[in-house]
$ cat run.tsv   # TSV, C-alpha atoms
chain	number	residue	atom	x	y	z
Q	5	MET	CA	0.00	0.00	0.00
Q	6	ARG	CA	1.56	3.25	-1.16
Q	7	VAL	CA	0.30	6.66	-0.13
Q	8	ASP	CA	0.81	9.36	-2.75
Q	9	LEU	CA	0.15	12.92	-1.59
Q	10	THR	CA	1.80	14.61	-4.57
Q	11	GLY	CA	0.12	17.94	-5.22
Q	12	ARG	CA	-1.19	18.27	-1.65
Q	13	THR	CA	0.00	20.86	0.87
Q	14	ALA	CA	0.16	19.98	4.56
Q	15	LEU	CA	0.66	22.17	7.61
Q	16	VAL	CA	1.99	20.35	10.68
Q	17	THR	CA	1.94	22.55	13.76
Q	18	GLY	CA	4.72	22.22	16.31
Q	19	SER	CA	6.81	20.25	13.84
Q	20	THR	CA	10.39	21.19	14.70
Q	21	GLN	CA	10.84	18.11	16.91
Q	22	GLY	CA	9.21	15.00	18.29
Q	23	ILE	CA	5.99	13.65	16.83
Q	24	GLY	CA	5.48	16.76	14.70
Q	25	ALA	CA	8.87	16.42	13.02
Q	26	ALA	CA	8.24	12.72	12.35
Q	27	VAL	CA	4.84	13.55	10.82
Q	28	ALA	CA	6.30	16.30	8.64
Q	29	THR	CA	9.03	13.97	7.37
Q	30	ALA	CA	6.57	11.15	6.65
Q	31	LEU	CA	4.21	13.48	4.76
Q	32	ALA	CA	7.15	14.79	2.71
Q	33	ARG	CA	8.14	11.22	1.86
Q	34	ALA	CA	4.59	10.68	0.61
Q	35	GLY	CA	5.05	13.61	-1.79
Q	36	ALA	CA	3.22	16.40	0.02
Q	37	THR	CA	4.53	19.94	0.23
Q	38	VAL	CA	4.99	20.34	3.97
Q	39	ALA	CA	4.83	23.50	6.06
Q	40	VAL	CA	7.11	23.13	9.07
Q	41	ASN	CA	6.07	25.21	12.06
Q	42	GLY	CA	7.81	26.39	15.19
Q	43	ARG	CA	7.92	29.55	17.28
Q	44	SER	CA	11.34	30.79	16.16
Q	45	GLU	CA	13.08	31.25	12.82
Q	46	GLN	CA	16.09	29.41	14.23
Q	47	SER	CA	14.19	26.27	15.24
Q	48	VAL	CA	12.25	26.17	11.98
Q	49	THR	CA	15.38	26.63	9.87
Q	50	ALA	CA	17.12	23.78	11.70
Q	51	ALA	CA	14.08	21.50	11.32
Q	52	VAL	CA	13.75	22.28	7.61
Q	53	ARG	CA	17.43	21.51	7.09
Q	54	LYS	CA	17.10	18.17	8.87
Q	55	LEU	CA	13.96	17.25	6.92
Q	56	ARG	CA	15.69	17.99	3.61
Q	57	GLU	CA	18.60	15.79	4.67
Q	58	GLU	CA	16.17	12.92	5.20
Q	59	VAL	CA	14.00	13.67	2.15
Q	60	PRO	CA	16.30	15.43	-0.36
Q	61	ASP	CA	13.55	16.26	-2.86
Q	62	ALA	CA	11.11	17.54	-0.23
Q	63	GLN	CA	9.08	20.65	-0.92
Q	64	VAL	CA	9.08	22.56	2.38
Q	65	VAL	CA	7.52	25.85	3.51
Q	66	PRO	CA	8.97	27.34	6.72
Q	67	VAL	CA	6.29	28.80	8.99
Q	68	ALA	CA	7.83	30.51	12.01
Q	69	ALA	CA	4.88	31.62	14.16
Q	70	ASP	CA	3.64	31.22	17.71
Q	71	LEU	CA	0.27	29.62	17.02
Q	72	ALA	CA	-0.90	30.08	20.59
Q	73	SER	CA	-1.72	33.69	19.72
Q	74	ASP	CA	-4.11	35.35	17.29
Q	75	GLU	CA	-1.17	37.14	15.69
Q	76	GLY	CA	0.77	33.91	15.23
Q	77	ALA	CA	-2.16	32.17	13.60
Q	78	ALA	CA	-2.65	35.12	11.24
Q	79	ARG	CA	1.04	34.99	10.38
Q	80	ALA	CA	0.80	31.27	9.56
Q	81	VAL	CA	-2.14	31.84	7.23
Q	82	GLU	CA	-0.25	34.71	5.58
Q	83	LEU	CA	2.71	32.40	4.91
Q	84	LEU	CA	0.49	29.47	3.89
Q	85	PRO	CA	-2.87	30.73	2.59
Q	86	GLN	CA	-4.12	27.28	1.62
Q	87	ALA	CA	-3.70	23.79	3.07
Q	88	ASP	CA	-5.15	20.45	2.01
Q	89	VAL	CA	-3.99	18.69	5.18
Q	90	LEU	CA	-3.91	20.27	8.62
Q	91	VAL	CA	-2.25	18.32	11.42
Q	92	ASN	CA	-2.80	20.03	14.75
Q	93	ASN	CA	0.12	18.61	16.67
Q	94	LEU	CA	1.20	21.63	18.75
Q	95	GLY	CA	1.00	20.91	22.46
Q	96	ILE	CA	2.59	21.37	25.85
Q	97	PHE	CA	2.62	19.01	28.82
Q	98	GLY	CA	4.08	18.68	32.28
Q	99	ALA	CA	3.46	17.17	35.69
Q	100	ARG	CA	1.85	19.16	38.48
Q	101	PRO	CA	-0.06	18.09	41.61
Q	102	ALA	CA	-3.75	18.60	40.87
Q	103	LEU	CA	-4.41	21.13	43.63
Q	104	GLU	CA	-1.34	23.19	42.71
Q	105	ILE	CA	-2.36	23.92	39.09
Q	106	THR	CA	-2.96	27.66	38.90
Q	107	ASP	CA	-5.61	29.48	36.88
Q	108	ASP	CA	-2.90	30.76	34.55
Q	109	GLU	CA	-1.68	27.20	33.90
Q	110	TRP	CA	-5.21	25.98	33.16
Q	111	ARG	CA	-5.64	28.84	30.68
Q	112	ARG	CA	-2.27	28.25	29.01
Q	113	PHE	CA	-2.90	24.54	28.47
Q	114	PHE	CA	-6.27	25.32	26.93
Q	115	GLU	CA	-4.91	28.13	24.74
Q	116	VAL	CA	-1.92	26.17	23.42
Q	117	ASN	CA	-3.36	22.66	23.18
Q	118	VAL	CA	-6.93	23.45	22.14
Q	119	LEU	CA	-7.57	27.00	21.02
Q	120	ALA	CA	-4.57	27.10	18.67
Q	121	ALA	CA	-6.00	24.09	16.82
Q	122	VAL	CA	-9.48	25.62	16.71
Q	123	ARG	CA	-8.15	28.85	15.18
Q	124	LEU	CA	-6.34	27.04	12.39
Q	125	THR	CA	-9.32	24.80	11.69
Q	126	ARG	CA	-11.48	27.90	11.30
Q	127	ALA	CA	-8.86	29.30	8.93
Q	128	TYR	CA	-8.36	26.29	6.65
Q	129	LEU	CA	-11.54	24.19	6.82
Q	130	PRO	CA	-13.70	26.56	4.69
Q	131	GLY	CA	-11.24	26.34	1.78
Q	132	MET	CA	-11.10	22.55	2.05
Q	133	LYS	CA	-14.90	22.39	1.90
Q	134	GLU	CA	-15.01	24.68	-1.14
Q	135	ARG	CA	-12.47	22.49	-2.96
Q	136	GLY	CA	-14.30	19.31	-1.93
Q	137	TRP	CA	-11.26	17.64	-0.36
Q	138	GLY	CA	-9.27	18.01	2.83
Q	139	ARG	CA	-7.94	16.32	5.92
Q	140	VAL	CA	-7.93	17.80	9.43
Q	141	GLN	CA	-6.34	15.90	12.30
Q	142	TYR	CA	-5.78	16.58	15.98
Q	143	ILE	CA	-3.00	14.77	17.82
Q	144	ALA	CA	-4.68	13.77	21.06
Q	145	SER	CA	-3.39	11.39	23.70
Q	146	ASP	CA	-4.25	8.41	25.84
Q	147	SER	CA	-4.46	11.06	28.57
Q	148	ALA	CA	-7.69	12.23	26.95
Q	149	VAL	CA	-9.34	9.02	28.11
Q	150	ALA	CA	-7.14	7.79	30.96
Q	151	VAL	CA	-6.44	11.15	32.62
Q	152	PRO	CA	-3.19	10.97	34.63
Q	153	ALA	CA	-3.46	12.17	38.22
Q	154	GLU	CA	-0.17	14.02	37.84
Q	155	MET	CA	-1.29	16.20	34.91
Q	156	ILE	CA	-5.03	16.61	34.75
Q	157	HIS	CA	-4.73	19.99	33.00
Q	158	TYR	CA	-3.02	18.21	30.11
Q	159	GLY	CA	-5.63	15.45	30.11
Q	160	MET	CA	-8.38	18.07	30.05
Q	161	SER	CA	-6.91	19.68	26.94
Q	162	LYS	CA	-6.64	16.37	25.09
Q	163	THR	CA	-10.17	15.36	26.05
Q	164	ALA	CA	-11.31	18.69	24.63
Q	165	LEU	CA	-9.62	17.84	21.32
Q	166	LEU	CA	-11.76	14.72	20.98
Q	167	ALA	CA	-14.88	16.88	21.25
Q	168	VAL	CA	-13.46	19.52	18.92
Q	169	SER	CA	-12.58	16.98	16.22
Q	170	ARG	CA	-15.97	15.28	16.41
Q	171	GLY	CA	-17.73	18.64	16.19
Q	172	PHE	CA	-15.74	19.87	13.20
Q	173	ALA	CA	-16.30	16.51	11.49
Q	174	LYS	CA	-20.02	17.30	11.67
Q	175	GLU	CA	-19.35	20.77	10.25
Q	176	ALA	CA	-17.54	19.11	7.31
Q	177	ALA	CA	-20.19	16.43	6.77
Q	178	GLY	CA	-20.75	15.53	3.12
Q	179	SER	CA	-18.07	17.89	1.86
Q	180	GLY	CA	-15.29	15.42	1.04
Q	181	VAL	CA	-13.30	16.66	4.04
Q	182	THR	CA	-12.53	14.27	6.88
Q	183	VAL	CA	-11.76	15.30	10.45
Q	184	ASN	CA	-10.26	12.91	13.00
Q	185	SER	CA	-8.24	12.81	16.17
Q	186	VAL	CA	-5.28	10.50	16.72
Q	187	ILE	CA	-4.92	9.13	20.23
Q	188	ALA	CA	-1.18	8.76	20.69
Q	189	GLY	CA	0.12	6.62	23.52
Q	190	PRO	CA	3.26	7.23	25.60
Q	191	THR	CA	5.78	8.24	22.94
Q	192	HIS	CA	9.57	8.44	22.93
Q	193	THR	CA	10.53	12.06	22.36
Q	194	GLY	CA	13.10	14.37	23.91
Q	195	GLY	CA	10.43	16.11	25.93
Q	196	VAL	CA	9.11	12.81	27.21
Q	197	GLU	CA	12.60	11.78	28.30
Q	198	ASP	CA	12.67	14.88	30.50
Q	199	PHE	CA	9.20	14.02	31.81
Q	200	VAL	CA	10.21	10.43	32.58
Q	201	TYR	CA	13.13	11.66	34.62
Q	202	GLU	CA	10.79	13.85	36.64
Q	203	LEU	CA	9.10	10.67	37.84
Q	204	VAL	CA	11.93	8.13	38.13
Q	205	ASP	CA	15.50	8.12	39.43
Q	206	ARG	CA	17.59	10.50	37.28
Q	207	ASP	CA	20.67	8.33	37.87
Q	208	LEU	CA	19.16	5.43	35.91
Q	209	PRO	CA	20.39	4.84	32.33
Q	210	TRP	CA	17.67	5.68	29.78
Q	211	ASP	CA	16.69	2.09	28.98
Q	212	GLU	CA	16.23	1.29	32.66
Q	213	ALA	CA	14.45	4.59	33.29
Q	214	GLN	CA	12.04	3.93	30.43
Q	215	ARG	CA	11.22	0.45	31.72
Q	216	ALA	CA	10.76	1.76	35.25
Q	217	PHE	CA	8.46	4.53	34.01
Q	218	MET	CA	6.27	2.14	32.04
Q	219	ARG	CA	6.19	-0.36	34.91
Q	220	GLU	CA	5.37	2.19	37.62
Q	221	HIS	CA	3.35	4.83	35.80
Q	222	ARG	CA	1.96	3.22	32.61
Q	223	PRO	CA	1.57	-0.48	33.55
Q	224	GLN	CA	-1.49	-0.96	31.33
Q	225	SER	CA	0.53	-0.51	28.10
Q	226	LEU	CA	0.34	-3.71	26.06
Q	227	LEU	CA	3.48	-2.74	24.12
Q	228	GLN	CA	5.36	-2.30	27.41
Q	229	ARG	CA	7.58	0.26	25.72
Q	230	LEU	CA	7.36	3.82	24.55
Q	231	ILE	CA	6.01	4.33	21.03
Q	232	GLU	CA	8.38	5.79	18.45
Q	233	PRO	CA	7.25	9.05	16.77
Q	234	GLU	CA	7.41	7.41	13.34
Q	235	GLU	CA	4.72	4.96	14.45
Q	236	ILE	CA	2.35	7.87	15.11
Q	237	ALA	CA	3.35	9.42	11.78
Q	238	HIS	CA	2.35	6.30	9.83
Q	239	MET	CA	-1.25	6.66	11.04
Q	240	VAL	CA	-1.30	10.38	10.29
Q	241	VAL	CA	-0.09	9.80	6.72
Q	242	TYR	CA	-2.77	7.17	6.19
Q	243	LEU	CA	-5.52	9.46	7.53
Q	244	SER	CA	-4.16	12.23	5.27
Q	245	SER	CA	-4.59	10.08	2.19
Q	246	PRO	CA	-7.46	9.22	-0.18
Q	247	LEU	CA	-7.30	5.70	1.28
Q	248	ALA	CA	-8.94	6.98	4.49
Q	249	SER	CA	-11.88	8.63	2.71
Q	250	ALA	CA	-14.50	6.87	4.85
Q	251	THR	CA	-12.82	7.55	8.20
Q	252	THR	CA	-14.13	10.75	9.77
Q	253	GLY	CA	-15.35	11.89	13.15
Q	254	GLY	CA	-13.19	9.23	14.72
Q	255	ALA	CA	-10.69	8.96	17.55
Q	256	VAL	CA	-8.12	6.60	16.06
Q	257	ARG	CA	-5.80	4.95	18.55
Q	258	VAL	CA	-2.05	4.53	18.18
Q	259	ASP	CA	-1.62	3.96	21.89
Q	260	GLY	CA	0.05	0.57	22.12
Q	261	GLY	CA	-3.07	-0.82	23.76
Q	262	TYR	CA	-2.68	1.62	26.65
Q	263	VAL	CA	-6.36	2.59	26.95
Q	264	ASP	CA	-8.14	-0.38	28.52
Q	265	ALA	CA	-11.35	-0.05	26.53
Q	266	ILE	CA	-12.76	-1.29	23.26
Q	267	LEU	CA	-13.93	2.23	22.35
Q	268	PRO	CA	-12.09	5.49	23.17

$ encode --input "run.tsv" --output "structure tokens"
Amino acid sequence: MRVDLTGRTALVTGSTQGIGAAVATALARAGATVAVNGRSEQSVTAAVRKLREEVPDAQVVPVAADLASDEGAARAVELLPQADVLVNNLGIFGARPALEITDDEWRRFFEVNVLAAVRLTRAYLPGMKERGWGRVQYIASDSAVAVPAEMIHYGMSKTALLAVSRGFAKEAAGSGVTVNSVIAGPTHTGGVEDFVYELVDRDLPWDEAQRAFMREHRPQSLLQRLIEPEEIAHMVVYLSSPLASATTGGAVRVDGGYVDAILP
């Protein structure tokens, strides 16, 4: 099965590292023109350079903009007026005791993880509907369903994305545009390595720390390991393709069997 996205343009938010970078690279390999997004020119330039090293013939559009603000979203649309595929990957996370989460932290998690995606959907979905084709995706998390006690503000934001994606799928009904969320399980990224070491002994070598984290804090994972970003990217590329034309309004799991339920 080969996915060919030649002629399509994709915006992947928060794509200078981690899952976003893996998604951008995978979409470029499938032939899409990919807009790489980060907050600074420096981070975007470095990410674009790395992507072109991995996919030499990639067509890449740098989009340096802080999408957590109205101004940043407007800047992104100015740099990329049209997108066929929108992957709302931008997100922040971190551990905090539930009763110590401040109002400002609640607001920031909502603004970055949810409202930024809503703004861009409002910006690009109308054009997709007019053209009769488009793909909108939200990178959610197992935390949307199995909310961790140590970061309920993060879980709240990912739960909200499930509702947002289902609602926008209804807005796009019958238009040829599909809207889905991707429930990613515990994934191996640089940021997650830092998070793991917040919860386990920092003196442990990474392999031991990872195993200890999964054993102590994510014991329900059926993979019993962290997921690699490329594994999330494979699902995103499929959902971005014509092959997924009948999949919309869904919460598609790439969670390693972490969520102990048949349905999300």

$ closest_atom_pairs --input "run.tsv" --of "range 74-130 of chain Q" --to "range 29-42 of chain Q" --cutoff "12 Å" --atoms "all atoms listed in the file" --output "tab-separated table"
residue	atom	partner	partner_atom	distance
Q:Gly76	CA	Q:Gly42	CA	10.3
Q:Ala77	CA	Q:Asn41	CA	10.9
Q:Arg79	CA	Q:Asn41	CA	11.1
Q:Ala80	CA	Q:Asn41	CA	8.4
Q:Val81	CA	Q:Ala39	CA	10.9
Q:Leu83	CA	Q:Ala39	CA	9.2
Q:Leu84	CA	Q:Ala39	CA	7.7
Q:Pro85	CA	Q:Ala39	CA	11.1
Q:Gln86	CA	Q:Ala39	CA	10.7
Q:Ala87	CA	Q:Ala39	CA	9.0
Q:Asp88	CA	Q:Ala36	CA	9.5
Q:Val89	CA	Q:Ala36	CA	9.2
Q:Leu90	CA	Q:Ala39	CA	9.7
Q:Val91	CA	Q:Ala39	CA	10.3
Q:Asn92	CA	Q:Asn41	CA	10.6
Q:Asn93	CA	Q:Asn41	CA	10.0
Q:Leu94	CA	Q:Gly42	CA	8.9
Q:Gly95	CA	Q:Gly42	CA	11.4

$ closest_atom_pairs --input "run.tsv" --of "range 51-101 of chain Q" --to "range 197-220 of chain Q" --cutoff "9 Å" --atoms "only C-alpha atoms" --output "JSON lines"
{"residue": "Q:Phe97", "atom": "CA", "partner": "Q:Phe199", "partner_atom": "CA", "distance": 8.8}
{"residue": "Q:Gly98", "atom": "CA", "partner": "Q:Phe199", "partner_atom": "CA", "distance": 6.9}
{"residue": "Q:Ala99", "atom": "CA", "partner": "Q:Phe199", "partner_atom": "CA", "distance": 7.6}

$ closest_residue --input "run.tsv" --among "Q:Glu235, Q:Asp108, Q:Glu175, Q:Glu82" --to "Ala68 in chain Q" --atoms "only C-alpha atoms"
Q:Glu82

$ atom_distance --input "run.tsv" --atom1 "CA of Val48 in chain Q" --atom2 "CA of Gly189 in chain Q"
25.7 Å

$ atom_distance --input "run.tsv" --atom1 "CA of Gln224 in chain Q" --atom2 "CA of Tyr262 in chain Q"
5.5 Å

$ closest_residue --input "run.tsv" --among "Q:Glu134, Q:Asp74, Q:Glu58, Q:Asp259" --to "Thr191 in chain Q" --atoms "only C-alpha atoms"
Q:Asp259

$ closest_residue --input "run.tsv" --among "Q:Val240, Q:Pro190, Q:Gln141, Q:Tyr158" --to "Gly253 in chain Q" --atoms "only C-alpha atoms"
Q:Gln141

$ closest_residue --input "run.tsv" --among "Q:Val183, Q:Ala120, Q:Ser244, Q:Gly18" --to "Gly171 in chain Q" --atoms "all atoms listed in the file"
Q:Val183

$ atom_distance --input "run.tsv" --atom1 "CA of Val140 in chain Q" --atom2 "CA of His238 in chain Q"
15.4 Å

$ axis_aligned_box --input "run.tsv" --around "range 25-30 of chain Q" --padding-each-side "5 Å" --output "lines of an AutoDock Vina configuration file"
center_x = 6.9
center_y = 13.8
center_z = 9.8
size_x = 14.2
size_y = 15.3
size_z = 16.4

$ residues_near_point --input "run.tsv" --point "(-4.8, 20.4, 27.1)" --cutoff "7 Å" --atoms "only C-alpha atoms" --output "mmCIF file with C-alpha atoms, in the coordinates of the input"
data_model
loop_
_atom_site.group_PDB
_atom_site.id
_atom_site.type_symbol
_atom_site.label_atom_id
_atom_site.label_comp_id
_atom_site.auth_asym_id
_atom_site.auth_seq_id
_atom_site.Cartn_x
_atom_site.Cartn_y
_atom_site.Cartn_z
ATOM 1 C CA PHE Q 113 -2.900 24.540 28.470
ATOM 2 C CA PHE Q 114 -6.270 25.320 26.930
ATOM 3 C CA ASN Q 117 -3.360 22.660 23.180
ATOM 4 C CA VAL Q 118 -6.930 23.450 22.140
ATOM 5 C CA HIS Q 157 -4.730 19.990 33.000
ATOM 6 C CA TYR Q 158 -3.020 18.210 30.110
ATOM 7 C CA GLY Q 159 -5.630 15.450 30.110
ATOM 8 C CA MET Q 160 -8.380 18.070 30.050
ATOM 9 C CA SER Q 161 -6.910 19.680 26.940
ATOM 10 C CA LYS Q 162 -6.640 16.370 25.090
#

$ build_atoms --input "run.tsv" --residues "range 177-191 of chain Q" --atoms "N, CA, C and O atoms" --output "PDB file, in the coordinates of the input"
ATOM      1  N   ALA Q 177     -19.432  17.583   7.262  1.00  0.00           N
ATOM      2  CA  ALA Q 177     -20.190  16.430   6.770  1.00  0.00           C
ATOM      3  C   ALA Q 177     -20.597  16.595   5.306  1.00  0.00           C
ATOM      4  O   ALA Q 177     -21.101  17.640   4.899  1.00  0.00           O
ATOM      5  N   GLY Q 178     -20.339  15.547   4.521  1.00  0.00           N
ATOM      6  CA  GLY Q 178     -20.750  15.530   3.120  1.00  0.00           C
ATOM      7  C   GLY Q 178     -19.931  16.368   2.183  1.00  0.00           C
ATOM      8  O   GLY Q 178     -20.244  16.459   0.994  1.00  0.00           O
ATOM      9  N   SER Q 179     -18.849  16.951   2.679  1.00  0.00           N
ATOM     10  CA  SER Q 179     -18.070  17.890   1.860  1.00  0.00           C
ATOM     11  C   SER Q 179     -16.868  17.266   1.180  1.00  0.00           C
ATOM     12  O   SER Q 179     -16.217  17.910   0.354  1.00  0.00           O
ATOM     13  N   GLY Q 180     -16.526  16.023   1.535  1.00  0.00           N
ATOM     14  CA  GLY Q 180     -15.290  15.420   1.040  1.00  0.00           C
ATOM     15  C   GLY Q 180     -14.108  15.666   1.947  1.00  0.00           C
ATOM     16  O   GLY Q 180     -12.999  15.217   1.668  1.00  0.00           O
ATOM     17  N   VAL Q 181     -14.353  16.390   3.046  1.00  0.00           N
ATOM     18  CA  VAL Q 181     -13.300  16.660   4.040  1.00  0.00           C
ATOM     19  C   VAL Q 181     -13.513  15.737   5.225  1.00  0.00           C
ATOM     20  O   VAL Q 181     -14.647  15.589   5.706  1.00  0.00           O
ATOM     21  N   THR Q 182     -12.449  15.105   5.687  1.00  0.00           N
ATOM     22  CA  THR Q 182     -12.530  14.270   6.880  1.00  0.00           C
ATOM     23  C   THR Q 182     -11.811  14.953   8.039  1.00  0.00           C
ATOM     24  O   THR Q 182     -10.827  15.673   7.841  1.00  0.00           O
ATOM     25  N   VAL Q 183     -12.329  14.719   9.229  1.00  0.00           N
ATOM     26  CA  VAL Q 183     -11.760  15.300  10.450  1.00  0.00           C
ATOM     27  C   VAL Q 183     -11.672  14.196  11.492  1.00  0.00           C
ATOM     28  O   VAL Q 183     -12.679  13.549  11.803  1.00  0.00           O
ATOM     29  N   ASN Q 184     -10.478  13.974  12.016  1.00  0.00           N
ATOM     30  CA  ASN Q 184     -10.260  12.910  13.000  1.00  0.00           C
ATOM     31  C   ASN Q 184      -9.260  13.351  14.057  1.00  0.00           C
ATOM     32  O   ASN Q 184      -8.470  14.274  13.839  1.00  0.00           O
ATOM     33  N   SER Q 185      -9.300  12.664  15.177  1.00  0.00           N
ATOM     34  CA  SER Q 185      -8.240  12.810  16.170  1.00  0.00           C
ATOM     35  C   SER Q 185      -7.445  11.514  16.234  1.00  0.00           C
ATOM     36  O   SER Q 185      -7.967  10.437  15.939  1.00  0.00           O
ATOM     37  N   VAL Q 186      -6.184  11.650  16.576  1.00  0.00           N
ATOM     38  CA  VAL Q 186      -5.280  10.500  16.720  1.00  0.00           C
ATOM     39  C   VAL Q 186      -4.884  10.412  18.177  1.00  0.00           C
ATOM     40  O   VAL Q 186      -4.269  11.332  18.724  1.00  0.00           O
ATOM     41  N   ILE Q 187      -5.257   9.315  18.818  1.00  0.00           N
ATOM     42  CA  ILE Q 187      -4.920   9.130  20.230  1.00  0.00           C
ATOM     43  C   ILE Q 187      -3.553   8.455  20.308  1.00  0.00           C
ATOM     44  O   ILE Q 187      -3.422   7.248  20.086  1.00  0.00           O
ATOM     45  N   ALA Q 188      -2.540   9.272  20.574  1.00  0.00           N
ATOM     46  CA  ALA Q 188      -1.180   8.760  20.690  1.00  0.00           C
ATOM     47  C   ALA Q 188      -0.925   8.268  22.109  1.00  0.00           C
ATOM     48  O   ALA Q 188      -1.339   8.912  23.081  1.00  0.00           O
ATOM     49  N   GLY Q 189      -0.262   7.134  22.209  1.00  0.00           N
ATOM     50  CA  GLY Q 189       0.120   6.620  23.520  1.00  0.00           C
ATOM     51  C   GLY Q 189       1.443   7.203  23.975  1.00  0.00           C
ATOM     52  O   GLY Q 189       2.001   8.105  23.323  1.00  0.00           O
ATOM     53  N   PRO Q 190       1.972   6.739  25.088  1.00  0.00           N
ATOM     54  CA  PRO Q 190       3.260   7.230  25.600  1.00  0.00           C
ATOM     55  C   PRO Q 190       4.344   7.086  24.522  1.00  0.00           C
ATOM     56  O   PRO Q 190       4.639   5.980  24.081  1.00  0.00           O
ATOM     57  N   THR Q 191       4.900   8.213  24.109  1.00  0.00           N
ATOM     58  CA  THR Q 191       5.780   8.240  22.940  1.00  0.00           C
ATOM     59  C   THR Q 191       7.175   8.716  23.312  1.00  0.00           C
ATOM     60  O   THR Q 191       7.341   9.612  24.140  1.00  0.00           O
TER      61      THR Q 191
END
